[in-house]
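Next comes my_file-v2.cif, with mmCIF, C-alpha atoms.
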data_entry
#
loop_
_atom_site.group_PDB
_atom_site.id
_atom_site.type_symbol
_atom_site.label_atom_id
_atom_site.label_comp_id
_atom_site.auth_asym_id
_atom_site.auth_seq_id
_atom_site.Cartn_x
_atom_site.Cartn_y
_atom_site.Cartn_z
ATOM 1 C CA GLN Y 1 0.000 0.000 0.000
ATOM 2 C CA SER Y 2 2.851 2.377 0.801
ATOM 3 C CA ALA Y 3 4.446 1.688 -2.579
ATOM 4 C CA GLN Y 4 1.109 2.222 -4.316
ATOM 5 C CA GLN Y 5 0.609 5.556 -2.583
ATOM 6 C CA ASN Y 6 4.141 6.623 -3.475
ATOM 7 C CA LEU Y 7 3.631 5.738 -7.137
ATOM 8 C CA ALA Y 8 0.266 7.499 -7.266
ATOM 9 C CA SER Y 9 1.771 10.605 -5.653
ATOM 10 C CA ILE Y 10 4.630 10.684 -8.172
ATOM 11 C CA LEU Y 11 2.255 10.202 -11.087
ATOM 12 C CA ALA Y 12 0.178 13.122 -9.803
ATOM 13 C CA GLN Y 13 3.239 15.349 -10.086
ATOM 14 C CA CYS Y 14 4.599 13.845 -13.289
ATOM 15 C CA PRO Y 15 1.942 13.327 -15.980
ATOM 16 C CA GLN Y 16 3.256 10.625 -18.261
ATOM 17 C CA GLU Y 17 2.193 12.151 -21.586
ATOM 18 C CA GLN Y 18 3.634 15.634 -22.099
ATOM 19 C CA LEU Y 19 2.133 17.564 -24.975
ATOM 20 C CA PHE Y 20 4.307 19.684 -27.243
ATOM 21 C CA ILE Y 21 3.129 22.742 -29.140
ATOM 22 C CA GLY Y 22 0.905 21.703 -31.915
ATOM 23 C CA GLU Y 23 -0.077 18.325 -30.453
ATOM 24 C CA ALA Y 24 -3.715 17.524 -29.883
ATOM 25 C CA VAL Y 25 -4.977 17.681 -26.325
ATOM 26 C CA SER Y 26 -7.028 14.636 -25.424
ATOM 27 C CA ALA Y 27 -9.815 14.974 -22.900
ATOM 28 C CA PRO Y 28 -9.444 12.940 -19.656
ATOM 29 C CA GLU Y 29 -11.605 9.884 -19.223
ATOM 30 C CA ILE Y 30 -13.256 11.353 -16.108
ATOM 31 C CA ASP Y 31 -15.132 14.542 -15.333
ATOM 32 C CA CYS Y 32 -12.445 16.357 -13.372
ATOM 33 C CA LYS Y 33 -14.762 19.166 -12.253
ATOM 34 C CA THR Y 34 -16.818 16.701 -10.221
ATOM 35 C CA ALA Y 35 -14.374 13.844 -9.665
ATOM 36 C CA VAL Y 36 -11.741 15.865 -7.799
ATOM 37 C CA PRO Y 37 -14.127 17.504 -5.276
ATOM 38 C CA ALA Y 38 -15.867 14.182 -4.747
ATOM 39 C CA ALA Y 39 -12.563 12.417 -4.093
ATOM 40 C CA ARG Y 40 -11.466 15.128 -1.675
ATOM 41 C CA LYS Y 41 -14.809 14.922 0.130
ATOM 42 C CA GLN Y 42 -14.519 11.149 0.406
ATOM 43 C CA LEU Y 43 -11.015 11.503 1.818
ATOM 44 C CA ASN Y 44 -12.278 13.984 4.413
ATOM 45 C CA VAL Y 45 -15.051 11.577 5.371
ATOM 46 C CA THR Y 46 -12.563 8.746 5.887
ATOM 47 C CA LEU Y 47 -10.234 11.014 7.858
ATOM 48 C CA GLU Y 48 -13.122 11.967 10.143
ATOM 49 C CA ALA Y 49 -13.982 8.288 10.614
ATOM 50 C CA GLN Y 50 -10.331 7.558 11.369
ATOM 51 C CA ALA Y 51 -10.236 10.337 13.971
ATOM 52 C CA ALA Y 52 -13.480 9.057 15.514
ATOM 53 C CA ALA Y 53 -12.069 5.525 15.765
ATOM 54 C CA ASP Y 54 -8.912 6.825 17.439
ATOM 55 C CA LYS Y 55 -10.978 8.938 19.824
ATOM 56 C CA ALA Y 56 -13.191 5.962 20.707
ATOM 57 C CA LEU Y 57 -10.158 3.950 21.744
ATOM 58 C CA ALA Y 58 -8.657 6.862 23.679
ATOM 59 C CA THR Y 59 -11.979 7.440 25.472
ATOM 60 C CA GLU Y 60 -13.050 3.890 26.240
ATOM 61 C CA LYS Y 61 -9.717 2.316 27.197
ATOM 62 C CA PRO Y 62 -9.318 4.346 30.424
ATOM 63 C CA GLN Y 63 -12.877 3.405 31.388
ATOM 64 C CA LEU Y 64 -12.177 -0.270 30.712
ATOM 65 C CA ASP Y 65 -8.916 -0.052 32.642
ATOM 66 C CA ALA Y 66 -10.801 1.476 35.574
ATOM 67 C CA LYS Y 67 -13.301 -1.400 35.593
ATOM 68 C CA VAL Y 68 -10.494 -3.956 35.586
ATOM 69 C CA ALA Y 69 -8.701 -2.082 38.382
ATOM 70 C CA GLU Y 70 -11.904 -1.996 40.439
ATOM 71 C CA ALA Y 71 -12.417 -5.726 39.908
ATOM 72 C CA ALA Y 72 -8.800 -6.316 40.929
ATOM 73 C CA ASP Y 73 -9.340 -4.347 44.146
ATOM 74 C CA ASP Y 74 -12.478 -6.371 44.894
ATOM 75 C CA GLN Y 75 -10.554 -9.568 44.235
ATOM 76 C CA LYS Y 76 -7.754 -8.481 46.560
ATOM 77 C CA ALA Y 77 -10.246 -7.612 49.309
ATOM 78 C CA ALA Y 78 -12.068 -10.924 48.892
ATOM 79 C CA ASN Y 79 -8.808 -12.868 49.081
ATOM 80 C CA ALA Y 80 -7.851 -11.012 52.254
ATOM 81 C CA ALA Y 81 -11.284 -11.634 53.789
ATOM 82 C CA PHE Y 82 -11.074 -15.349 53.032
ATOM 83 C CA LEU Y 83 -7.590 -15.585 54.530
ATOM 84 C CA ALA Y 84 -8.762 -13.794 57.676
ATOM 85 C CA ALA Y 85 -11.808 -16.056 57.986
ATOM 86 C CA GLN Y 86 -9.701 -19.156 57.490
ATOM 87 C CA ASN Y 87 -7.192 -18.043 60.131
ATOM 88 C CA ALA Y 88 -9.985 -17.280 62.583
ATOM 89 C CA TYR Y 89 -11.471 -20.735 61.992
ATOM 90 C CA ASN Y 90 -8.110 -22.418 62.505
ATOM 91 C CA GLN Y 91 -7.533 -20.574 65.775
ATOM 92 C CA GLN Y 92 -11.035 -21.347 66.987
ATOM 93 C CA GLN Y 93 -10.601 -24.973 66.087
ATOM 94 C CA GLY Y 94 -7.592 -25.067 68.412
ATOM 95 C CA LYS Y 95 -9.622 -23.480 71.228
ATOM 96 C CA THR Y 96 -12.477 -25.913 70.666
ATOM 97 C CA ASN Y 97 -10.165 -28.897 70.767
ATOM 98 C CA SER Y 98 -8.632 -27.638 73.999
ATOM 99 C CA ALA Y 99 -12.103 -27.137 75.516
ATOM 100 C CA LYS Y 100 -13.110 -30.622 74.424
ATOM 101 C CA ASN Y 101 -10.022 -32.133 76.019
ATOM 102 C CA ALA Y 102 -10.736 -30.192 79.224
ATOM 103 C CA MET Y 103 -14.297 -31.485 79.220
ATOM 104 C CA LEU Y 104 -13.116 -35.081 78.731
ATOM 105 C CA ASN Y 105 -10.592 -34.674 81.525
ATOM 106 C CA ALA Y 106 -13.341 -33.357 83.819
ATOM 107 C CA LYS Y 107 -15.512 -36.312 82.896
ATOM 108 C CA ASN Y 108 -12.689 -38.729 83.657
ATOM 109 C CA SER Y 109 -12.036 -36.967 86.960
ATOM 110 C CA LEU Y 110 -15.667 -37.386 87.939
ATOM 111 C CA ALA Y 111 -15.532 -41.076 87.011
ATOM 112 C CA ASP Y 112 -12.421 -41.528 89.098
ATOM 113 C CA VAL Y 113 -14.074 -39.881 92.134
ATOM 114 C CA GLU Y 114 -17.210 -41.952 91.660
ATOM 115 C CA ASN Y 115 -15.191 -45.173 91.426
ATOM 116 C CA ALA Y 116 -13.231 -44.298 94.525
ATOM 117 C CA CYS Y 117 -16.396 -43.481 96.413
ATOM 118 C CA SER Y 118 -17.989 -46.762 95.393
ATOM 119 C CA GLN Y 119 -15.471 -48.704 97.447
ATOM 120 C CA THR Y 120 -16.263 -50.023 100.881
ATOM 121 C CA PRO Y 121 -15.616 -48.279 103.067
ATOM 122 C CA PRO Y 122 -15.790 -45.131 100.909
ATOM 123 C CA PRO Y 123 -13.101 -42.485 101.359
ATOM 124 C CA PRO Y 124 -13.996 -39.430 103.405
ATOM 125 C CA ASP Y 125 -15.715 -36.420 101.882
ATOM 126 C CA CYS Y 126 -17.030 -38.379 98.869
ATOM 127 C CA GLY Y 127 -20.115 -36.239 98.699
ATOM 128 C CA SER Y 128 -18.209 -32.979 98.425
ATOM 129 C CA LYS Y 129 -15.640 -34.492 96.056
ATOM 130 C CA ILE Y 130 -18.314 -35.787 93.711
ATOM 131 C CA ALA Y 131 -20.140 -32.454 93.821
ATOM 132 C CA ALA Y 132 -16.927 -30.582 92.999
ATOM 133 C CA ALA Y 133 -16.163 -32.968 90.134
ATOM 134 C CA ILE Y 134 -19.664 -32.535 88.744
ATOM 135 C CA LYS Y 135 -19.370 -28.760 88.978
ATOM 136 C CA ALA Y 136 -16.022 -28.828 87.148
ATOM 137 C CA LEU Y 137 -17.484 -31.063 84.475
ATOM 138 C CA ASP Y 138 -20.462 -28.757 84.000
ATOM 139 C CA ALA Y 139 -18.172 -25.752 83.613
ATOM 140 C CA ALA Y 140 -15.879 -27.579 81.189
ATOM 141 C CA ASN Y 141 -18.846 -28.805 79.185
ATOM 142 C CA ALA Y 142 -20.322 -25.278 79.000
ATOM 143 C CA THR Y 143 -16.996 -23.928 77.771
ATOM 144 C CA TYR Y 144 -16.750 -26.678 75.165
ATOM 145 C CA VAL Y 145 -20.287 -25.998 73.900
ATOM 146 C CA SER Y 146 -19.547 -22.283 73.648
ATOM 147 C CA GLU Y 147 -16.296 -22.837 71.764
ATOM 148 C CA GLU Y 148 -17.942 -25.342 69.442
ATOM 149 C CA THR Y 149 -20.744 -22.859 68.696
ATOM 150 C CA THR Y 150 -18.167 -20.216 67.840
ATOM 151 C CA LEU Y 151 -16.381 -22.754 65.620
ATOM 152 C CA ASP Y 152 -19.612 -23.397 63.708
ATOM 153 C CA ILE Y 153 -20.010 -19.662 63.139
ATOM 154 C CA ASP Y 154 -16.421 -19.351 61.973
ATOM 155 C CA GLU Y 155 -16.902 -22.256 59.607
ATOM 156 C CA LYS Y 156 -19.902 -20.534 58.051
ATOM 157 C CA ASN Y 157 -17.845 -17.361 57.734
ATOM 158 C CA VAL Y 158 -15.196 -19.324 55.843
ATOM 159 C CA ASP Y 159 -17.832 -20.693 53.476
ATOM 160 C CA THR Y 160 -19.207 -17.198 52.859
ATOM 161 C CA ALA Y 161 -15.751 -15.711 52.337
ATOM 162 C CA GLN Y 162 -14.846 -18.531 49.985
ATOM 163 C CA ALA Y 163 -17.976 -17.904 47.908
ATOM 164 C CA ASP Y 164 -17.205 -14.180 47.832
ATOM 165 C CA GLN Y 165 -13.659 -14.942 46.779
ATOM 166 C CA LYS Y 166 -14.886 -17.147 43.948
ATOM 167 C CA GLY Y 167 -17.296 -14.452 42.801
ATOM 168 C CA ALA Y 168 -14.580 -11.782 42.888
ATOM 169 C CA ASN Y 169 -12.190 -13.982 40.912
ATOM 170 C CA GLU Y 170 -14.843 -14.632 38.291
ATOM 171 C CA ALA Y 171 -15.736 -10.927 38.121
ATOM 172 C CA TYR Y 172 -12.080 -9.994 37.602
ATOM 173 C CA SER Y 173 -11.659 -12.574 34.846
ATOM 174 C CA ALA Y 174 -14.842 -11.326 33.196
ATOM 175 C CA ALA Y 175 -13.641 -7.699 33.373
ATOM 176 C CA VAL Y 176 -10.302 -8.610 31.798
ATOM 177 C CA ALA Y 177 -11.990 -10.625 29.048
ATOM 178 C CA ALA Y 178 -14.466 -7.818 28.364
ATOM 179 C CA GLU Y 179 -11.678 -5.276 28.085
ATOM 180 C CA GLN Y 180 -9.681 -7.485 25.740
ATOM 181 C CA ALA Y 181 -12.713 -8.055 23.518
ATOM 182 C CA GLU Y 182 -13.620 -4.369 23.418
ATOM 183 C CA ILE Y 183 -10.031 -3.281 22.738
ATOM 184 C CA ALA Y 184 -9.813 -5.809 19.908
ATOM 185 C CA LYS Y 185 -13.064 -4.422 18.489
ATOM 186 C CA LEU Y 186 -11.820 -0.832 18.712
ATOM 187 C CA ASN Y 187 -8.476 -1.725 17.146
ATOM 188 C CA ALA Y 188 -10.275 -3.508 14.329
ATOM 189 C CA ALA Y 189 -12.323 -0.360 13.716
ATOM 190 C CA ILE Y 190 -9.119 1.687 13.621
ATOM 191 C CA GLN Y 191 -7.545 -0.701 11.128
ATOM 192 C CA THR Y 192 -10.639 -0.529 8.950
ATOM 193 C CA ALA Y 193 -10.629 3.271 9.114
ATOM 194 C CA ASN Y 194 -6.926 3.366 8.240
ATOM 195 C CA GLY Y 195 -7.555 1.152 5.237
ATOM 196 C CA GLU Y 196 -10.394 3.386 4.061
ATOM 197 C CA VAL Y 197 -8.176 6.460 4.395
ATOM 198 C CA GLN Y 198 -5.429 4.811 2.354
ATOM 199 C CA SER Y 199 -7.945 3.789 -0.285
ATOM 200 C CA ALA Y 200 -9.350 7.330 -0.442
ATOM 201 C CA GLN Y 201 -5.837 8.758 -0.692
ATOM 202 C CA GLN Y 202 -4.997 6.439 -3.543
ATOM 203 C CA ASN Y 203 -8.238 7.284 -5.310
ATOM 204 C CA LEU Y 204 -7.603 11.018 -4.983
ATOM 205 C CA ALA Y 205 -4.017 10.647 -6.171
ATOM 206 C CA SER Y 206 -5.190 8.652 -9.176
ATOM 207 C CA ILE Y 207 -7.770 11.294 -10.093
ATOM 208 C CA LEU Y 208 -5.265 14.111 -9.631
ATOM 209 C CA ALA Y 209 -2.893 12.267 -11.937
ATOM 210 C CA GLN Y 210 -5.542 12.536 -14.643
ATOM 211 C CA CYS Y 211 -6.642 16.039 -13.713
ATOM 212 C CA PRO Y 212 -3.663 18.369 -13.138
ATOM 213 C CA GLN Y 213 -4.861 21.139 -10.847
ATOM 214 C CA ALA Y 214 -2.443 23.931 -11.902
ATOM 215 C CA PRO Y 215 -1.909 24.237 -15.692
ATOM 216 C CA THR Y 216 1.486 25.703 -16.589
ATOM 217 C CA LYS Y 217 1.396 29.024 -18.443
ATOM 218 C CA LEU Y 218 2.989 29.046 -21.887
ATOM 219 C CA VAL Y 219 6.130 31.252 -21.998
ATOM 220 C CA LEU Y 220 7.045 32.539 -25.468
ATOM 221 C CA PRO Y 221 10.740 32.846 -26.339
ATOM 222 C CA LYS Y 222 12.348 36.259 -26.594
ATOM 223 C CA LYS Y 223 13.920 37.485 -29.741
ATOM 224 C CA GLY Y 224 17.246 35.885 -30.329
ATOM 225 C CA GLY Y 225 16.335 32.443 -29.077
ATOM 226 C CA LEU Y 226 15.117 30.686 -26.001
ATOM 227 C CA SER Y 227 15.916 32.014 -22.583
ATOM 228 C CA ARG Y 228 18.711 30.167 -20.814
ATOM 229 C CA LYS Y 229 16.440 29.684 -17.836
ATOM 230 C CA MET Y 230 13.750 28.039 -19.957
ATOM 231 C CA GLY Y 231 13.661 24.440 -20.937
ATOM 232 C CA PRO Y 232 11.892 23.122 -24.021
ATOM 233 C CA MET Y 233 8.455 24.735 -24.274
ATOM 234 C CA ARG Y 234 5.476 22.476 -23.764
ATOM 235 C CA THR Y 235 1.812 23.085 -23.463
ATOM 236 C CA ALA Y 236 -0.192 22.064 -20.449
ATOM 237 C CA ALA Y 237 -3.262 19.923 -20.604
ATOM 238 C CA VAL Y 238 -6.455 21.929 -20.971
ATOM 239 C CA PHE Y 239 -9.888 20.788 -19.807
#
As structure tokens, please, write out the structure in this file.
Amino acid sequence: QSAQQNLASILAQCPQEQLFIGEAVSAPEIDCKTAVPAARKQLNVTLEAQAAADKALATEKPQLDAKVAEAADDQKAANAAFLAAQNAYNQQQGKTNSAKNAMLNAKNSLADVENACSQTPPPPDCGSKIAAAIKALDAANATYVSEETTLDIDEKNVDTAQADQKGANEAYSAAVAAEQAEIAKLNAAIQTANGEVQSAQQNLASILAQCPQAPTKLVLPKKGGLSRKMGPMRTAAVF
């Protein structure tokens, strides 16, 4: 295309058939009075379309970038929230296990006291020892139930955070894909506009090659011969 434009431009400046004085002037095959303005108008139209395509890309890309950046921020926040929820669950799981072990130990202690008190003769203060063991078991059991309830809540928080994380990841991927598709569409429009401009330029150059826009005035030689500054006299094409 570049070579074609270069050739057309050169031909526009160098008509290939120069007419000498006395030669017949042949009419061009096109109506130059209408063809040249029409070609210029078409070139202007394509240039405007090219500018509009460039402007569309310049306008929409920052907006698309902003959407991707926002989705990336949401993804980062969701990842952080999931990590925090998972850490909280892990810590609570440790507390719950400790409370469960304490409850089991209290239960075993009560069984030991009850076994000792079942002997004959029973050891002294069995009643108070059993009561104390039962009280300790009740407290340990209450703590275990509380910790287990908190663990259930933390587990649900992990599930929620994980779902949010998945949604944020999908939203980010969708934003990136949408931007890529839209940028490809805008670039395709720019390429099409560029091609139309090149075609219009070639068309105008071709028409100008057939319709010289500035006929050269005929310079008559002075007495005594041709001027040294003049070359061979030729007539210009006349429409």
At most 10 Å is the cut-off: for each residue in region 61-138 of chain Y with any atom that close to an atom of region 159-175 of chain Y, write down the nearest atom pair and the distance in Å rounded to one decimal, counting all atoms listed in the file, chain first then increasing number, as a Markdown table.
| residue | atom | partner | partner_atom | distance |
| --- | --- | --- | --- | --- |
| Y:Leu64 | CA | Y:Ala175 | CA | 8.0 |
| Y:Asp65 | CA | Y:Ala175 | CA | 9.0 |
| Y:Ala66 | CA | Y:Ala175 | CA | 9.9 |
| Y:Lys67 | CA | Y:Ala175 | CA | 6.7 |
| Y:Val68 | CA | Y:Ala175 | CA | 5.4 |
| Y:Ala69 | CA | Y:Tyr172 | CA | 8.6 |
| Y:Glu70 | CA | Y:Tyr172 | CA | 8.5 |
| Y:Ala71 | CA | Y:Tyr172 | CA | 4.9 |
| Y:Ala72 | CA | Y:Tyr172 | CA | 5.9 |
| Y:Asp73 | CA | Y:Tyr172 | CA | 9.1 |
| Y:Asp74 | CA | Y:Ala168 | CA | 6.1 |
| Y:Gln75 | CA | Y:Ala168 | CA | 4.8 |
| Y:Lys76 | CA | Y:Ala168 | CA | 8.4 |
| Y:Ala77 | CA | Y:Gln165 | CA | 8.5 |
| Y:Ala78 | CA | Y:Gln165 | CA | 4.8 |
| Y:Asn79 | CA | Y:Gln165 | CA | 5.8 |
| Y:Ala80 | CA | Y:Gln165 | CA | 8.9 |
| Y:Ala81 | CA | Y:Ala161 | CA | 6.2 |
| Y:Phe82 | CA | Y:Ala161 | CA | 4.7 |
| Y:Leu83 | CA | Y:Ala161 | CA | 8.5 |
| Y:Ala84 | CA | Y:Ala161 | CA | 9.0 |
| Y:Ala85 | CA | Y:Ala161 | CA | 6.9 |
| Y:Gln86 | CA | Y:Ala161 | CA | 8.7 |
* Asked: the PyMOL selection byres ((chain Y and resi 36-41) around 12) on the file shown: which residues, as an MDAnalysis selection string?
  -> chainID Y and resid 30:35 42:48 197 199:213
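With CA of Glu114 (chain Y) on one side and CA of Ile130 (chain Y) on the other, the separation reads 6.6 Å.
Across the structure, CA of Asn87 (chain Y) and CA of Thr149 (chain Y) are spaced 16.7 Å apart.
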* For Glu155 (chain Y), which residue among Y:Asp54, Y:Gln91, Y:Lys61, Y:Ala132 is the nearest when counting all atoms listed in the file? ->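 Between Y:Asp54, Y:Gln91, Y:Lys61, Y:Ala132, the residue approaching Glu155 (chain Y) most closely is Y:Gln91.
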Spatial neighbours of Leu104 (chain Y), max dist 10 Å, all atoms listed in the file, sep filter under 3 positions, as a JSON list (two decimals) with C-alpha atoms, in the frame of the given file:
[["chain", "number", "residue", "atom", "x", "y", "z"],
["Y", 98, "SER", "CA", -8.63, -27.64, 74.00],
["Y", 99, "ALA", "CA", -12.10, -27.14, 75.52],
["Y", 100, "LYS", "CA", -13.11, -30.62, 74.42],
["Y", 101, "ASN", "CA", -10.02, -32.13, 76.02],
["Y", 107, "LYS", "CA", -15.51, -36.31, 82.90],
["Y", 108, "ASN", "CA", -12.69, -38.73, 83.66],
["Y", 109, "SER", "CA", -12.04, -36.97, 86.96],
["Y", 110, "LEU", "CA", -15.67, -37.39, 87.94],
["Y", 137, "LEU", "CA", -17.48, -31.06, 84.48],
["Y", 140, "ALA", "CA", -15.88, -27.58, 81.19],
["Y", 141, "ASN", "CA", -18.85, -28.80, 79.18],
["Y", 144, "TYR", "CA", -16.75, -26.68, 75.17]]
When you write region 104-124 of chain Y out from the block above, keep N, CA, C and O atoms and present the result as a short mmCIF file (atom, residue, chain, number, x, y, z; two decimals), in the first residue's frame, please.
data_model
loop_
_atom_site.label_atom_id
_atom_site.label_comp_id
_atom_site.auth_asym_id
_atom_site.auth_seq_id
_atom_site.Cartn_x
_atom_site.Cartn_y
_atom_site.Cartn_z
N LEU Y 104 -13.36 -33.64 78.58
CA LEU Y 104 -13.12 -35.08 78.73
C LEU Y 104 -12.32 -35.37 80.00
O LEU Y 104 -12.57 -36.37 80.71
N ASN Y 105 -11.36 -34.50 80.30
CA ASN Y 105 -10.59 -34.67 81.53
C ASN Y 105 -11.49 -34.52 82.75
O ASN Y 105 -11.36 -35.27 83.75
N ALA Y 106 -12.41 -33.55 82.70
CA ALA Y 106 -13.34 -33.36 83.82
C ALA Y 106 -14.26 -34.57 83.96
O ALA Y 106 -14.58 -34.99 85.10
N LYS Y 107 -14.66 -35.12 82.84
CA LYS Y 107 -15.51 -36.31 82.90
C LYS Y 107 -14.75 -37.49 83.50
O LYS Y 107 -15.29 -38.26 84.33
N ASN Y 108 -13.51 -37.64 83.11
CA ASN Y 108 -12.69 -38.73 83.66
C ASN Y 108 -12.44 -38.52 85.16
O ASN Y 108 -12.43 -39.50 85.95
N SER Y 109 -12.25 -37.26 85.52
CA SER Y 109 -12.04 -36.97 86.96
C SER Y 109 -13.27 -37.34 87.77
O SER Y 109 -13.17 -37.92 88.88
N LEU Y 110 -14.44 -37.02 87.24
CA LEU Y 110 -15.67 -37.39 87.94
C LEU Y 110 -15.80 -38.91 88.03
O LEU Y 110 -16.19 -39.44 89.10
N ALA Y 111 -15.45 -39.61 86.97
CA ALA Y 111 -15.53 -41.08 87.01
C ALA Y 111 -14.57 -41.65 88.04
O ALA Y 111 -14.91 -42.61 88.77
N ASP Y 112 -13.39 -41.04 88.11
CA ASP Y 112 -12.42 -41.53 89.10
C ASP Y 112 -12.94 -41.33 90.53
O ASP Y 112 -12.80 -42.21 91.40
N VAL Y 113 -13.53 -40.15 90.78
CA VAL Y 113 -14.07 -39.88 92.13
C VAL Y 113 -15.21 -40.85 92.44
O VAL Y 113 -15.32 -41.39 93.56
N GLU Y 114 -16.09 -41.04 91.44
CA GLU Y 114 -17.21 -41.95 91.66
C GLU Y 114 -16.73 -43.38 91.89
O GLU Y 114 -17.28 -44.11 92.75
N ASN Y 115 -15.73 -43.82 91.21
CA ASN Y 115 -15.19 -45.17 91.43
C ASN Y 115 -14.57 -45.30 92.82
O ASN Y 115 -14.74 -46.34 93.50
N ALA Y 116 -13.86 -44.26 93.19
CA ALA Y 116 -13.23 -44.30 94.53
C ALA Y 116 -14.29 -44.32 95.62
O ALA Y 116 -14.15 -45.03 96.64
N CYS Y 117 -15.35 -43.56 95.41
CA CYS Y 117 -16.40 -43.48 96.41
C CYS Y 117 -17.29 -44.72 96.43
O CYS Y 117 -18.11 -44.90 97.36
N SER Y 118 -17.16 -45.55 95.42
CA SER Y 118 -17.99 -46.76 95.39
C SER Y 118 -17.36 -47.89 96.20
O SER Y 118 -17.98 -48.96 96.38
N GLN Y 119 -16.15 -47.68 96.66
CA GLN Y 119 -15.47 -48.70 97.45
C GLN Y 119 -16.05 -48.75 98.88
O GLN Y 119 -16.67 -47.80 99.35
N THR Y 120 -15.80 -49.85 99.51
CA THR Y 120 -16.26 -50.02 100.88
C THR Y 120 -15.05 -50.26 101.77
O THR Y 120 -14.28 -51.21 101.54
N PRO Y 121 -14.85 -49.49 102.75
CA PRO Y 121 -15.62 -48.28 103.07
C PRO Y 121 -15.22 -47.15 102.13
O PRO Y 121 -14.08 -47.10 101.66
N PRO Y 122 -16.11 -46.25 101.81
CA PRO Y 122 -15.79 -45.13 100.91
C PRO Y 122 -14.83 -44.17 101.59
O PRO Y 122 -14.79 -44.06 102.81
N PRO Y 123 -14.02 -43.49 100.80
CA PRO Y 123 -13.10 -42.49 101.36
C PRO Y 123 -13.91 -41.31 101.92
O PRO Y 123 -15.07 -41.11 101.59
N PRO Y 124 -13.26 -40.56 102.80
CA PRO Y 124 -14.00 -39.43 103.41
C PRO Y 124 -14.31 -38.34 102.38
O PRO Y 124 -13.65 -38.22 101.35
#
